[in-house]
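K.L.:
Below is the file protein.txt, which contains compact mmCIF, C-alpha atoms and all ligand atoms.
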```
# COMPACT_ATOMS: atom_id res chain seq x y z
CA MET A 1 -68.05 -27.45 264.04
CA THR A 2 -64.62 -25.97 263.46
CA HIS A 3 -64.18 -22.27 263.99
CA PRO A 4 -63.56 -20.55 260.61
CA LEU A 5 -60.16 -19.26 261.75
CA ASP A 6 -58.99 -22.65 263.05
CA GLN A 7 -58.11 -24.23 259.73
CA LYS A 8 -56.29 -21.40 258.03
CA TYR A 9 -54.43 -20.08 261.07
CA SER A 10 -54.10 -23.25 263.15
CA ARG A 11 -50.32 -22.91 263.66
CA GLN A 12 -50.71 -19.37 264.91
CA ILE A 13 -53.63 -20.25 267.18
CA LEU A 14 -51.55 -23.08 268.66
CA PHE A 15 -48.98 -20.47 269.68
CA ALA A 16 -50.27 -19.94 273.24
CA PRO A 17 -49.48 -16.22 273.67
CA LEU A 18 -51.72 -15.52 270.66
CA GLY A 19 -54.37 -18.24 270.83
CA ARG A 20 -57.74 -18.00 269.13
CA ASP A 21 -58.72 -14.82 270.97
CA GLY A 22 -55.55 -13.10 269.80
CA GLN A 23 -56.13 -14.38 266.26
CA GLN A 24 -59.68 -13.07 266.38
CA ARG A 25 -58.47 -9.62 267.42
CA LEU A 26 -55.78 -9.69 264.71
CA SER A 27 -58.41 -10.64 262.13
CA ASN A 28 -60.63 -7.76 263.27
CA SER A 29 -57.82 -5.24 263.03
CA SER A 30 -56.11 -3.38 260.21
CA ALA A 31 -53.02 -1.33 259.41
CA ALA A 32 -51.83 1.32 256.98
CA LEU A 33 -48.48 0.74 255.30
CA VAL A 34 -46.65 3.75 253.90
CA GLY A 35 -44.27 2.99 251.04
CA CYS A 36 -44.19 -0.30 249.19
CA GLY A 37 -40.59 -1.28 248.57
CA ALA A 38 -38.67 -4.19 250.00
CA ILE A 39 -39.74 -3.75 253.63
CA CYS A 40 -43.39 -3.49 252.67
CA ALA A 41 -43.12 -6.58 250.48
CA ALA A 42 -41.89 -8.65 253.40
CA VAL A 43 -44.08 -7.20 256.13
CA SER A 44 -47.28 -7.19 254.07
CA ASN A 45 -46.67 -10.76 252.96
CA LEU A 46 -46.34 -11.87 256.60
CA LEU A 47 -49.34 -9.86 257.84
CA VAL A 48 -51.63 -10.94 255.00
CA ARG A 49 -50.69 -14.58 255.51
CA ALA A 50 -51.26 -14.12 259.26
CA GLY A 51 -54.86 -13.11 258.59
CA THR A 52 -54.71 -9.44 259.54
CA GLY A 53 -58.14 -7.85 259.11
CA GLY A 54 -57.06 -5.42 256.39
CA LEU A 55 -54.17 -3.51 254.90
CA ARG A 56 -54.01 -0.17 253.14
CA ILE A 57 -50.82 0.19 251.11
CA ILE A 58 -49.84 3.66 249.92
CA ASP A 59 -46.98 4.11 247.44
CA ARG A 60 -45.96 6.75 244.91
CA ASP A 61 -43.73 4.67 242.65
CA PHE A 62 -43.90 1.98 239.96
CA VAL A 63 -42.20 -1.42 239.66
CA GLU A 64 -38.81 -1.57 237.88
CA LEU A 65 -36.51 -4.49 237.14
CA SER A 66 -33.90 -3.26 239.63
CA ASN A 67 -36.47 -3.66 242.43
CA LEU A 68 -36.90 -7.40 242.05
CA GLN A 69 -33.61 -8.36 243.77
CA ARG A 70 -35.21 -7.53 247.14
CA GLN A 71 -38.85 -6.50 246.65
CA SER A 72 -40.23 -10.01 246.93
CA LEU A 73 -43.84 -9.12 246.20
CA PHE A 74 -43.24 -8.14 242.58
CA THR A 75 -42.55 -10.08 239.41
CA GLU A 76 -40.92 -9.42 236.04
CA SER A 77 -44.38 -9.06 234.57
CA ASP A 78 -45.20 -6.22 237.03
CA ALA A 79 -41.99 -4.48 235.92
CA ARG A 80 -42.76 -5.01 232.21
CA GLU A 81 -46.19 -3.45 232.71
CA SER A 82 -44.70 -0.62 234.84
CA LEU A 83 -47.47 -1.22 237.35
CA PRO A 84 -47.67 1.17 240.29
CA LYS A 85 -46.30 -0.70 243.30
CA ALA A 86 -49.50 -0.17 245.31
CA ILE A 87 -51.57 -1.78 242.54
CA ALA A 88 -49.17 -4.69 242.00
CA ALA A 89 -49.01 -5.26 245.78
CA GLU A 90 -52.80 -5.29 246.06
CA ARG A 91 -53.13 -7.86 243.25
CA ASN A 92 -50.36 -10.12 244.45
CA LEU A 93 -51.41 -10.05 248.12
CA ARG A 94 -55.02 -10.88 247.20
CA ALA A 95 -53.74 -13.97 245.45
CA ILE A 96 -51.90 -14.97 248.63
CA ASN A 97 -54.88 -14.65 250.99
CA SER A 98 -58.24 -13.66 249.53
CA ASP A 99 -59.75 -13.29 253.02
CA VAL A 100 -57.70 -10.16 253.71
CA PRO A 101 -58.93 -6.95 252.09
CA VAL A 102 -55.93 -5.11 250.67
CA GLU A 103 -56.35 -1.60 249.32
CA GLY A 104 -53.55 -0.16 247.18
CA ILE A 105 -53.45 3.62 246.86
CA VAL A 106 -51.13 5.32 244.35
CA ALA A 107 -50.12 8.51 246.14
CA ASP A 108 -47.29 10.28 247.87
CA VAL A 109 -48.05 10.81 251.56
CA THR A 110 -47.72 14.55 252.17
CA PRO A 111 -48.73 16.99 254.91
CA GLY A 112 -51.82 17.76 252.82
CA ASN A 113 -53.15 14.20 252.61
CA ALA A 114 -51.61 12.40 255.63
CA ALA A 115 -54.73 12.68 257.80
CA GLU A 116 -57.00 11.54 254.97
CA LEU A 117 -54.82 8.53 254.12
CA LEU A 118 -53.79 7.41 257.62
CA SER A 119 -56.74 8.21 259.91
CA GLY A 120 -58.80 5.37 261.33
CA PHE A 121 -56.05 2.76 261.43
CA PRO A 122 -54.89 1.43 264.81
CA LEU A 123 -51.36 1.01 263.45
CA ILE A 124 -49.12 2.62 260.83
CA LEU A 125 -46.23 0.68 259.34
CA ASP A 126 -43.09 2.21 257.90
CA GLY A 127 -42.18 0.95 254.44
CA THR A 128 -40.69 4.24 253.25
CA ASP A 129 -37.18 4.92 252.03
CA ASN A 130 -36.70 8.45 253.38
CA PHE A 131 -36.67 10.35 256.65
CA GLU A 132 -38.81 13.20 255.38
CA THR A 133 -41.80 10.86 255.13
CA ARG A 134 -40.89 9.08 258.37
CA LEU A 135 -40.85 12.38 260.28
CA LEU A 136 -44.22 13.21 258.75
CA ILE A 137 -45.61 9.84 259.90
CA ASN A 138 -44.09 10.46 263.35
CA ASP A 139 -45.84 13.85 263.57
CA PHE A 140 -49.17 12.37 262.51
CA ALA A 141 -48.80 9.37 264.85
CA VAL A 142 -47.91 11.47 267.90
CA GLN A 143 -50.64 14.01 267.17
CA SER A 144 -53.31 11.33 266.68
CA ASN A 145 -51.91 9.00 269.38
CA THR A 146 -51.48 6.14 266.89
CA PRO A 147 -48.75 3.49 267.30
CA TRP A 148 -46.38 3.16 264.38
CA ILE A 149 -43.34 1.00 263.65
CA TYR A 150 -40.18 2.66 262.38
CA THR A 151 -38.17 0.35 260.12
CA ALA A 152 -35.27 1.13 257.80
CA ALA A 153 -32.54 -0.78 255.99
CA VAL A 154 -29.55 0.18 253.89
CA ALA A 155 -26.55 -1.85 252.69
CA SER A 156 -26.36 -4.76 255.20
CA TYR A 157 -27.66 -2.71 258.15
CA GLY A 158 -31.17 -2.31 259.51
CA VAL A 159 -33.04 -0.72 262.39
CA THR A 160 -36.55 -0.99 263.79
CA MET A 161 -38.64 0.08 266.77
CA ALA A 162 -42.33 0.11 267.60
CA ILE A 163 -43.21 3.66 268.64
CA ARG A 164 -46.16 4.23 270.96
CA PRO A 165 -46.87 7.92 271.50
CA GLY A 166 -46.74 8.82 275.17
CA GLN A 167 -45.27 5.43 276.13
CA THR A 168 -42.00 5.14 274.23
CA ALA A 169 -39.49 7.47 272.64
CA CYS A 170 -40.72 8.82 269.29
CA LEU A 171 -38.64 9.00 266.10
CA ALA A 172 -37.57 12.58 266.82
CA CYS A 173 -36.37 11.46 270.31
CA LEU A 174 -34.38 8.63 268.70
CA LEU A 175 -32.75 10.77 266.04
CA ASP A 176 -31.74 13.38 268.62
CA THR A 177 -30.42 11.07 271.33
CA VAL A 178 -29.32 7.70 269.90
CA SER A 179 -26.39 7.46 267.51
CA GLY A 180 -27.04 4.92 264.78
CA ALA A 181 -30.84 5.32 265.09
CA GLY A 182 -30.99 7.03 261.71
CA LEU A 183 -29.27 5.96 258.51
CA GLU A 184 -26.65 8.17 256.93
CA GLU A 185 -26.61 6.57 253.50
CA THR A 186 -29.40 5.60 251.15
CA CYS A 187 -30.02 2.47 249.10
CA ASP A 188 -29.41 4.53 245.98
CA THR A 189 -25.83 5.31 246.97
CA VAL A 190 -24.60 2.22 248.84
CA GLY A 191 -27.17 -0.39 247.79
CA VAL A 192 -29.08 -2.81 249.99
CA LEU A 193 -29.14 -6.59 250.46
CA GLY A 194 -32.38 -8.57 250.39
CA PRO A 195 -31.63 -10.49 253.63
CA ILE A 196 -31.35 -7.40 255.90
CA VAL A 197 -34.65 -6.10 254.61
CA ASN A 198 -36.32 -9.38 255.48
CA VAL A 199 -34.74 -9.44 258.95
CA VAL A 200 -35.99 -5.98 259.96
CA ALA A 201 -39.32 -6.42 258.18
CA SER A 202 -39.88 -9.66 260.11
CA LEU A 203 -39.13 -7.87 263.38
CA GLU A 204 -41.58 -5.16 262.33
CA ALA A 205 -44.25 -7.75 261.47
CA ALA A 206 -43.85 -9.44 264.88
CA GLU A 207 -44.39 -6.16 266.75
CA ALA A 208 -47.32 -5.42 264.44
CA MET A 209 -48.92 -8.77 265.28
CA LYS A 210 -48.59 -7.97 269.00
CA ILE A 211 -50.20 -4.54 268.60
CA LEU A 212 -52.98 -5.74 266.28
CA SER A 213 -53.82 -8.70 268.54
CA GLY A 214 -53.86 -6.49 271.62
CA SER A 215 -50.80 -8.17 273.18
CA PHE A 216 -49.31 -4.87 274.32
CA ALA A 217 -47.51 -6.37 277.33
CA ALA A 218 -45.42 -8.45 274.91
CA LEU A 219 -43.98 -5.40 273.10
CA HIS A 220 -40.27 -5.20 273.85
CA GLU A 221 -40.12 -1.40 273.40
CA ARG A 222 -36.55 -1.65 272.17
CA LEU A 223 -34.64 -0.17 269.28
CA LEU A 224 -33.16 -3.15 267.46
CA THR A 225 -30.27 -2.70 265.08
CA CYS A 226 -28.48 -5.38 263.15
CA ASP A 227 -25.86 -5.84 260.48
CA ILE A 228 -26.16 -9.13 258.68
CA TRP A 229 -22.69 -8.79 257.10
CA THR A 230 -20.76 -8.38 260.36
CA GLY A 231 -23.25 -10.33 262.48
CA ARG A 232 -23.53 -7.48 264.98
CA PHE A 233 -26.92 -7.19 266.67
CA GLN A 234 -27.84 -4.57 269.24
CA SER A 235 -30.91 -3.94 271.35
CA ILE A 236 -31.35 -0.85 273.51
CA HIS A 237 -34.18 0.70 275.47
CA PRO A 238 -34.22 4.37 274.43
CA GLU A 239 -35.59 6.88 276.91
CA ARG A 240 -38.01 9.59 275.86
CA ASN A 241 -36.34 12.95 275.36
CA PRO A 242 -38.06 15.36 277.80
CA GLU A 243 -37.11 18.19 275.42
CA CYS A 244 -38.41 16.45 272.28
CA ARG A 245 -40.10 19.06 270.09
CA VAL A 246 -42.59 16.49 268.79
CA CYS A 247 -43.72 14.22 271.64
CA ALA A 248 -43.00 16.66 274.49
CA GLY A 249 -43.42 20.04 272.77
CA ARG A 250 -46.16 18.86 270.40
CA GLN A 251 -44.76 20.90 267.50
CA PHE A 252 -45.70 19.13 264.32
CA SER A 253 -43.60 21.02 261.80
CA HIS A 254 -43.52 18.21 259.23
CA LEU A 255 -47.29 17.80 259.36
CA ALA A 256 -47.71 21.54 259.07
CA GLY A 257 -45.85 21.26 255.77
CA GLU A 258 -43.08 23.67 256.71
CA ALA A 259 -40.45 21.15 255.69
CA GLN A 260 -42.12 19.84 252.55
CA PRO A 261 -40.72 20.98 249.20
CA HIS A 262 -42.66 20.44 245.98
CA ILE A 263 -39.72 18.64 244.49
CA THR A 264 -38.07 15.71 246.20
CA MET A 265 -35.19 13.44 245.37
CA CYS A 266 -36.43 10.07 244.38
CA GLY A 267 -33.67 7.59 243.70
CA ARG A 268 -30.17 8.14 242.41
CA ASP A 269 -30.90 10.08 239.27
CA SER A 270 -34.52 11.18 239.46
CA VAL A 271 -36.77 13.71 241.09
CA GLN A 272 -40.44 13.75 241.92
CA ILE A 273 -42.36 16.88 241.18
CA HIS A 274 -45.76 17.67 242.62
CA GLU A 275 -46.59 21.25 241.91
CA ARG A 276 -50.27 21.00 241.26
CA ASN A 277 -52.86 19.41 243.41
CA ARG A 278 -55.48 18.31 240.96
CA ALA A 279 -56.15 15.10 239.15
CA LEU A 280 -54.91 14.60 235.59
CA ASP A 281 -56.83 12.81 232.89
CA LEU A 282 -54.10 10.59 231.48
CA LYS A 283 -56.00 9.80 228.29
CA THR A 284 -56.46 13.47 227.43
CA LEU A 285 -52.83 14.13 228.24
CA GLN A 286 -51.75 11.23 226.02
CA GLU A 287 -53.75 12.63 223.11
CA ARG A 288 -52.32 16.08 223.64
CA LEU A 289 -48.73 14.81 223.81
CA ALA A 290 -49.09 12.48 220.81
CA SER A 291 -48.41 15.27 218.31
CA THR A 292 -45.13 16.38 219.94
CA VAL A 293 -43.67 13.31 221.65
CA PRO A 294 -43.15 9.90 220.03
CA ASP A 295 -44.20 6.76 221.87
CA VAL A 296 -46.33 7.94 224.77
CA ARG A 297 -47.35 4.88 226.75
CA GLN A 298 -50.17 4.66 229.24
CA ASN A 299 -51.43 1.74 231.37
CA GLY A 300 -54.44 3.23 233.11
CA PHE A 301 -52.41 4.17 236.18
CA LEU A 302 -49.55 6.15 234.72
CA LEU A 303 -48.28 7.63 231.48
CA ARG A 304 -44.67 7.52 230.33
CA PHE A 305 -42.66 9.11 227.56
CA ARG A 306 -39.07 9.95 226.76
CA VAL A 307 -37.61 13.32 225.94
CA PRO A 308 -33.95 12.28 225.68
CA PRO A 309 -32.02 12.25 227.92
CA TYR A 310 -35.01 12.38 230.26
CA GLU A 311 -37.86 10.00 230.94
CA MET A 312 -41.10 11.29 232.43
CA THR A 313 -43.62 9.18 234.31
CA VAL A 314 -46.84 11.01 235.10
CA PHE A 315 -49.45 9.81 237.59
CA SER A 316 -53.15 10.64 237.63
CA ASP A 317 -52.79 12.57 240.90
CA GLY A 318 -50.67 15.12 239.02
CA ARG A 319 -47.28 13.91 240.21
CA ALA A 320 -44.43 13.18 237.84
CA ILE A 321 -41.17 11.31 238.34
CA LEU A 322 -38.37 12.57 236.11
CA LYS A 323 -35.49 10.26 235.41
CA GLY A 324 -32.20 11.60 234.15
CA THR A 325 -31.83 14.69 236.30
CA LYS A 326 -31.27 15.76 239.88
CA ASP A 327 -31.82 19.41 239.08
CA PRO A 328 -35.14 20.84 240.38
CA ALA A 329 -35.02 23.64 237.79
CA VAL A 330 -34.79 21.15 234.92
CA ALA A 331 -37.61 19.10 236.43
CA ARG A 332 -39.79 22.15 236.85
CA SER A 333 -39.30 23.35 233.29
CA LEU A 334 -39.93 19.90 231.77
CA TYR A 335 -43.06 19.58 233.85
CA ALA A 336 -44.31 23.00 232.79
CA LYS A 337 -43.54 22.27 229.13
CA TYR A 338 -45.19 18.87 228.83
CA ILE A 339 -47.78 18.66 231.58
CA GLY A 340 -48.65 22.30 232.16
CA ALA A 341 -47.86 24.79 234.86
ZN ZN B 1 -40.16 12.41 270.97
```
As structure tokens - that is how I would like this structure written.

P.N.:
Amino acid sequence: MTHPLDQKYSRQILFAPLGRDGQQRLSNSSAALVGCGAICAAVSNLLVRAGTGGLRIIDRDFVELSNLQRQSLFTESDARESLPKAIAAERNLRAINSDVPVEGIVADVTPGNAAELLSGFPLILDGTDNFETRLLINDFAVQSNTPWIYTAAVASYGVTMAIRPGQTACLACLLDTVSGAGLEETCDTVGVLGPIVNVVASLEAAEAMKILSGSFAALHERLLTCDIWTGRFQSIHPERNPECRVCAGRQFSHLAGEAQPHITMCGRDSVQIHERNRALDLKTLQERLASTVPDVRQNGFLLRFRVPPYEMTVFSDGRAILKGTKDPAVARSLYAKYIGA
């Protein structure tokens, strides 16, 4: 009788360094993916097709038309419905491989919920678009001794490294000691090309497959950087920084919340506000707003309305994303006026 994994994953099992034992371990394992933009789309697609045992995808945002150029997991219909990315990802990945449980969670990973959302996974994957969240993941990973894979892309340039607390440099070591390890610009200012995202996400997925299948000796432990426009690729072996405040000093300032403001930049012309920490009943809010605001739309996951020149998208965890301003004071007053202080 054929082994249940043999048919679906035969080409992977034929790859000798993995084999059926490696496939079995991969299929018994799971990972948490933070942020579901372009990198997540590529890496989750590869890991779900590879038969990973499970994926939790956490994202705070919703699908927009401008995402589709590079975020290969989403469709025009997801954008039309303004689906939260975590929900659209869960649906679309289930259609790709129904054997892999995928759990989409609509939330912003913060110091207050990082442990709840990320505990219990043998691997954390970086799909975020900002260093604030990456430094928070790094704190949590070092504190809980969990491997994680740093991956970032902007314009035509990308960078990735699998970080194993105690074994390799951590993200704080990299940012302090290696020039080019961080990214100066953001996708909202200089754009990003689909191909670079897929290059670094593929490198991330390969290291993830090694970790999840227990093939630790195969990890290259290198910081890989590449620019697909100039064709320049670089691979270095960063040393741990003996003075690193995180992995040597064990000071977890990002996890302690010292660096976490209630209002964060979120794209070129929008801010996210998260001033209250309790759930919102979107239906009740819709009814309440109906008398003052025309055209309040709700899809079960989020509620949206326009107060020109602003657009407000409110999530059931109490967060709101305000489009049309970069000013925290404006965001705060709009939030207080329409959602409540
Ligand atoms: Zn470090």

K.L.:
Using all atoms listed in the file, what are the residues with an atom within 7 Å of ligand ZN 1 (chain B), set out as JSON, numbers by chain?

P.N.:
{"A": [169, 170, 171, 172, 173, 240, 241, 244, 245, 246, 247, 248]}

K.L.:
Let's have the selection written as a CSV table (one decimal), in the coordinates of the input, with C-alpha atoms.

P.N.:
```
chain,number,residue,atom,x,y,z
A,169,ALA,CA,-39.5,7.5,272.6
A,170,CYS,CA,-40.7,8.8,269.3
A,171,LEU,CA,-38.6,9.0,266.1
A,172,ALA,CA,-37.6,12.6,266.8
A,173,CYS,CA,-36.4,11.5,270.3
A,240,ARG,CA,-38.0,9.6,275.9
A,241,ASN,CA,-36.3,13.0,275.4
A,244,CYS,CA,-38.4,16.4,272.3
A,245,ARG,CA,-40.1,19.1,270.1
A,246,VAL,CA,-42.6,16.5,268.8
A,247,CYS,CA,-43.7,14.2,271.6
A,248,ALA,CA,-43.0,16.7,274.5
```

K.L.:
Can you tell me how far CA of Val154 (chain A) sits from CA of Ala107 (chain A), in Å to one decimal?

P.N.:
23.5 Å

K.L.:
To one decimal place, how far is CA of Asn299 (chain A) from CA of Gln272 (chain A) in Å?

P.N.:
19.4 Å

K.L.:
Nearest to Gln23 (chain A): which of A:Pro308, A:Glu207, A:Gly214, A:Ala256 is it, counting only C-alpha atoms?

P.N.:
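Once distances to Gln23 (chain A) are computed over only C-alpha atoms, the minimum belongs to A:Gly214.
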
K.L.:
Between CA of Ile211 (chain A) and CA of Leu26 (chain A), what is the spacing in Å?

P.N.:
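Separation of CA of Leu26 (chain A) and CA of Ile211 (chain A): 8.5 Å.
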
K.L.:
With only C-alpha atoms as the basis for distance, which of A:Leu118, A:Ile58, A:Leu46, A:Leu303 is at the shortest distance from Asn97 (chain A)?

P.N.:
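Among the listed residues, A:Leu46 lies closest to Asn97 (chain A).
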
K.L.:
Between A:Leu212, A:Val106, A:Val271, A:Ile236, which one has atoms that come closest to Leu123 (chain A), using all atoms listed in the file?

P.N.:
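Selected residue with least distance to Leu123 (chain A): A:Leu212.
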
K.L.:
Find the residue from A:Gly249, A:Gly340, A:Gly127, A:Pro328 that sits nearest to Gln71 (chain A); use all atoms listed in the file when measuring.

P.N.:
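Residue with the minimum atom-to-atom distance to Gln71 (chain A): A:Gly127.
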
K.L.:
Excluding Leu73 (chain A) and its own-chain neighbours fewer than 3 positions away, which residues fall within 7 Å of it when counting only C-alpha atoms? Please give them as an mmCIF file with C-alpha atoms, in the coordinates of the input.

P.N.:
```
data_model
loop_
_atom_site.group_PDB
_atom_site.id
_atom_site.type_symbol
_atom_site.label_atom_id
_atom_site.label_comp_id
_atom_site.auth_asym_id
_atom_site.auth_seq_id
_atom_site.Cartn_x
_atom_site.Cartn_y
_atom_site.Cartn_z
ATOM 1 C CA ALA A 41 -43.120 -6.580 250.480
ATOM 2 C CA ALA A 89 -49.010 -5.260 245.780
ATOM 3 C CA ASN A 92 -50.360 -10.120 244.450
#
```

K.L.:
Here is a test: counting all atoms listed in the file, which residue of A:Gln69, A:Ser82, A:Thr160, A:Asn145 is nearest to Val314 (chain A)?

P.N.:
A:Ser82

K.L.:
Which residues come within 8 Å of region 279-286 of chain A, counting all atoms listed in the file, excluding same-chain residues fewer than 6 positions away, as a PyMOL selection string?

P.N.:
chain A and resi 296-298+300+302-303+315-318+339

K.L.:
What lies within 12 Å of Arg11 (chain A) using all atoms listed in the file, ignoring chain neighbours under 6 positions off, as JSON, numbers by chain?

P.N.:
{"A": [5, 18, 19, 20, 23, 49, 50, 51]}

K.L.:
Tell me which of A:Lys210, A:Arg306, A:Arg232, A:Arg94 sits closest to Gly324 (chain A), counting only C-alpha atoms.

P.N.:
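Under the stated criterion, the closest residue is A:Arg306.
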
K.L.:
Place a sphere of radius 8 Å on (-45.6, 0.3, 255.6) in the file coordinates and name every protein, DNA or RNA residue with an atom inside or on its surface, counting only C-alpha atoms; give the answer as a list in words.

P.N.:
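Counting only C-alpha atoms, I find these residues within 8 Å of (-45.6, 0.3, 255.6): Ala32, Leu33, Val34, Gly35, Cys36, Ile39, Cys40, Val43, Ser44, Ile57, Ile58, Ile124, Leu125, Asp126, Gly127 and Thr128 of chain A.
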